[in-house]
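S.K.: Take a look at the following structure, please.
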Amino acid sequence: MKRVFIVHGWDGSPVTGWFPWLKSELEARGFLVHVPQLPDTECPRIEKWVPALAGAVGAPDEDTYFVGHSMGCQTIARYLETLPDDRKVGGVVFVAGFFRRLTGLDTEEERELDREWAEAPLNFEKVRLHMKRSVALFSDDDPCVPVTNAQDFDERLGADVIIQSKQSHFNEGAGFKELPIVLEKVLELAA
């Protein structure tokens with residue numbers, strides 16, 4: 001059975017934004033869908049989020065797919081980096097992902113968390129080795145994730161990059177309760 005893991009971002013939750021809609025749409029098409037609640041969402045740490053995702057996934061295989069939003073994208077990439085060399089997943093849809101610094105952070109605590117994620121080493125070649133395919137979706141007016149992040153997903157991960165106009169951060173705060181392009185891309189990866 002094909003499994004999909006939807007991974008929320010900083011201050012996120014499995015029940016916000018377009019995650020419940022995507023879960024329902026994929027389940028209606030026969031996928032087994034998990035939207036794990038990652039710990040301490042207001043203060044996300046690599047050393048907590050990556051093991052939590054690994055625990056939720058169990059043994060991944062080529063029928064395992066991921067969808068990440070914002071920091072959930074980094075979490076997925078860092079999780080894939082930890083896999084044994086012989087493990088490969090079917091694909092990943094990255095939504096508003098980043099490896100560079102975020103923008104619009106108000107407090108020193110937020111900037112420190114951002115530095116931790118942006119500066120922690122990541123072996124992009126190893127991440128790429130563990131994905132059959134990937135897609136990265138960005139908005140040209142994202143207040144948090146500059147569109148320049150698309151270059152990393154293209155050049156370092158070999159993702160098919162899609163840049164949309166005026167979609168903000170693809171989150172509930174921007175009015176997103178559905179995100180059909182993500183459903184479309186998951187179905188393409190799993191075809």
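Scheme for the structure tokens: letters A, B, ... for chains in order shown; per-chain residue numbers from 1; ligand numbers from 1 in order shown.
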So which residues touch Glu81 of chain A within 9 Å, counting only C-alpha atoms, skipping near sequence neighbours fewer than 2 positions away, as a list in words?

M.R.: Ile76, Ala77, Arg78, Tyr79, Leu83, Pro84, Leu122, Asn123, Phe124, Glu125, Lys126, Val127, Arg128, Leu129 and His130 of chain A

S.K.: Tell me which protein, DNA and RNA residues are within 12 Å of Asp40 of chain A, counting only C-alpha atoms, leaving out same-chain ones fewer than 6 positions away, and put them as a list of chain:residue names.

M.R.: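 In the requested form, the answer reads A:Gly9, A:Trp10, A:Asp11, A:Gly12, A:Ser13, A:Ile46, A:Glu47, A:Lys48, A:Trp49, A:Ala52.
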
S.K.: Give me the residues near Phe153 of chain A as a VMD selection string, where near means some atom within 12 Å (using only C-alpha atoms) and where sequence neighbours in that chain fewer than 3 positions away do not count.

M.R.: chain A and resid 73 to 74 77 92 to 100 124 to 125 127 to 128 133 to 138 147 to 150 156 to 163

S.K.: Rank A:Val89, A:Ile6, A:Leu113, A:Leu32 by their smallest atom-to-atom distance to Thr64 of chain A, using only C-alpha atoms, and report the top residue only.

M.R.: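 Residue with the minimum atom-to-atom distance to Thr64 of chain A: A:Val89.
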
S.K.: Point out the residue among A:Ala28, A:Ala190, A:Leu105, A:Ala118 with the least atom-to-atom distance to Thr75 of chain A, counting only C-alpha atoms.

M.R.: A:Ala118

S.K.: Give me the residues within 9 Å of Pro20 of chain A as a PyMOL selection string, counting only C-alpha atoms and dropping any in the same chain fewer than 5 places off.

M.R.: chain A and resi 14-15+25+35+177-178

S.K.: Keeping only N, CA, C and O atoms, take the residues you just selected and write them out as a tab-separated table (two decimals), in the first residue's frame.

M.R.:
chain	number	residue	atom	x	y	z
A	14	PRO	N	-1.25	19.06	12.56
A	14	PRO	CA	-1.88	18.19	11.55
A	14	PRO	C	-3.27	18.63	11.12
A	14	PRO	O	-3.78	18.20	10.10
A	15	VAL	N	-3.92	19.49	11.91
A	15	VAL	CA	-5.31	19.85	11.62
A	15	VAL	C	-5.47	21.27	11.07
A	15	VAL	O	-6.59	21.76	10.97
A	25	GLU	N	-8.37	13.69	0.60
A	25	GLU	CA	-8.31	13.44	-0.84
A	25	GLU	C	-7.44	12.21	-1.18
A	25	GLU	O	-7.81	11.41	-2.05
A	35	VAL	N	-0.32	12.20	9.28
A	35	VAL	CA	0.07	13.59	9.49
A	35	VAL	C	0.55	13.68	10.94
A	35	VAL	O	-0.20	14.02	11.84
A	177	LYS	N	-7.07	26.36	2.60
A	177	LYS	CA	-7.72	25.19	3.19
A	177	LYS	C	-7.63	24.00	2.24
A	177	LYS	O	-7.91	22.87	2.61
A	178	GLU	N	-7.26	24.28	0.98
A	178	GLU	CA	-7.04	23.26	-0.05
A	178	GLU	C	-5.84	23.70	-0.86
A	178	GLU	O	-5.58	24.90	-0.99

S.K.: Excluding Gly17 of chain A and its own-chain neighbours fewer than 2 positions away, which residues fall within 6 Å of it when counting only C-alpha atoms? Please give them as a PDB file with N, CA, C and O atoms, in the first residue's frame.

M.R.:
ATOM      1  N   PHE A  19      -3.759  20.538   5.231  1.00  0.00           N
ATOM      2  CA  PHE A  19      -3.377  19.158   5.580  1.00  0.00           C
ATOM      3  C   PHE A  19      -4.580  18.224   5.704  1.00  0.00           C
ATOM      4  O   PHE A  19      -4.558  17.122   5.138  1.00  0.00           O
ATOM      5  N   ASN A 171      -0.214  28.829   3.557  1.00  0.00           N
ATOM      6  CA  ASN A 171      -0.649  28.373   4.876  1.00  0.00           C
ATOM      7  C   ASN A 171      -2.055  28.879   5.193  1.00  0.00           C
ATOM      8  O   ASN A 171      -2.658  29.626   4.424  1.00  0.00           O
ATOM      9  N   GLU A 172      -2.559  28.465   6.339  1.00  0.00           N
ATOM     10  CA  GLU A 172      -3.909  28.839   6.732  1.00  0.00           C
ATOM     11  C   GLU A 172      -4.024  30.350   6.904  1.00  0.00           C
ATOM     12  O   GLU A 172      -5.053  30.942   6.565  1.00  0.00           O
ATOM     13  N   PHE A 176      -5.373  29.303   2.946  1.00  0.00           N
ATOM     14  CA  PHE A 176      -5.334  28.009   2.267  1.00  0.00           C
ATOM     15  C   PHE A 176      -5.968  26.899   3.112  1.00  0.00           C
ATOM     16  O   PHE A 176      -5.461  26.532   4.160  1.00  0.00           O
ATOM     17  N   LYS A 177      -7.070  26.364   2.601  1.00  0.00           N
ATOM     18  CA  LYS A 177      -7.720  25.190   3.189  1.00  0.00           C
ATOM     19  C   LYS A 177      -7.627  23.998   2.235  1.00  0.00           C
ATOM     20  O   LYS A 177      -7.906  22.873   2.609  1.00  0.00           O
TER      21      LYS A 177
END

S.K.: Can you pull out the residues contacting Gly104 of chain A? Cut-off 10 Å, using only C-alpha atoms, and skip same-chain residues under 3 positions away; I want them as a PyMOL selection string.

M.R.: chain A and resi 107+110-111+142-145

S.K.: Would you save the residues of that selection, restricted to all heavy atoms, as a compact mmCIF listing (two decimals), in the first residue's frame?

M.R.:
# COMPACT_ATOMS: atom_id res chain seq x y z
N THR A 107 11.73 38.02 16.59
CA THR A 107 12.44 37.97 17.87
C THR A 107 13.82 37.31 17.71
O THR A 107 14.07 36.58 16.75
CB THR A 107 11.65 37.16 18.91
OG1 THR A 107 11.63 35.78 18.51
CG2 THR A 107 10.22 37.68 19.04
N GLU A 110 13.46 33.54 17.57
CA GLU A 110 13.12 33.06 16.24
C GLU A 110 14.34 33.04 15.33
O GLU A 110 14.56 32.09 14.58
CB GLU A 110 12.04 33.95 15.60
CG GLU A 110 10.68 33.81 16.24
CD GLU A 110 9.67 34.80 15.71
OE1 GLU A 110 10.08 35.86 15.15
OE2 GLU A 110 8.47 34.55 15.84
N ARG A 111 15.13 34.09 15.39
CA ARG A 111 16.33 34.15 14.55
C ARG A 111 17.35 33.07 14.95
O ARG A 111 18.02 32.51 14.09
CB ARG A 111 16.94 35.56 14.60
CG ARG A 111 16.09 36.59 13.86
CD ARG A 111 16.74 37.95 13.77
NE ARG A 111 16.78 38.66 15.03
CZ ARG A 111 15.78 39.41 15.52
NH1 ARG A 111 14.66 39.54 14.83
NH2 ARG A 111 15.91 40.02 16.67
N ASP A 142 6.24 35.07 -0.93
CA ASP A 142 6.26 34.43 0.38
C ASP A 142 6.96 35.36 1.38
O ASP A 142 8.11 35.73 1.19
CB ASP A 142 7.00 33.09 0.28
CG ASP A 142 6.82 32.22 1.52
OD1 ASP A 142 6.83 32.76 2.65
OD2 ASP A 142 6.68 31.00 1.35
N PRO A 143 6.29 35.73 2.47
CA PRO A 143 6.89 36.63 3.44
C PRO A 143 7.93 35.96 4.34
O PRO A 143 8.67 36.66 5.05
CB PRO A 143 5.70 37.12 4.26
CG PRO A 143 4.72 35.99 4.19
CD PRO A 143 4.90 35.39 2.81
N CYS A 144 7.99 34.65 4.32
CA CYS A 144 8.90 33.90 5.20
C CYS A 144 10.04 33.24 4.43
O CYS A 144 11.18 33.23 4.90
CB CYS A 144 8.14 32.81 5.95
SG CYS A 144 6.69 33.39 6.83
N VAL A 145 9.71 32.64 3.30
CA VAL A 145 10.67 31.86 2.52
C VAL A 145 10.95 32.57 1.20
O VAL A 145 10.12 32.50 0.28
CB VAL A 145 10.14 30.43 2.27
CG1 VAL A 145 11.10 29.65 1.38
CG2 VAL A 145 9.91 29.69 3.59

S.K.: What lies within 12 Å of Glu109 of chain A using only C-alpha atoms, ignoring chain neighbours under 4 positions off, as a list of chain:residue names?

M.R.: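 Near Glu109 of chain A, the qualifying residues are A:Glu42, A:Cys43, A:Pro44, A:Leu105, A:Leu113, A:Asp114, A:Arg115, A:Glu116.
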
S.K.: Which residue is closest to Thr82 of chain A? Choose from A:Pro51, A:Glu119, A:Pro146, A:Gly173 and count only C-alpha atoms.

M.R.: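 Smallest distance to Thr82 of chain A is found for A:Pro51.
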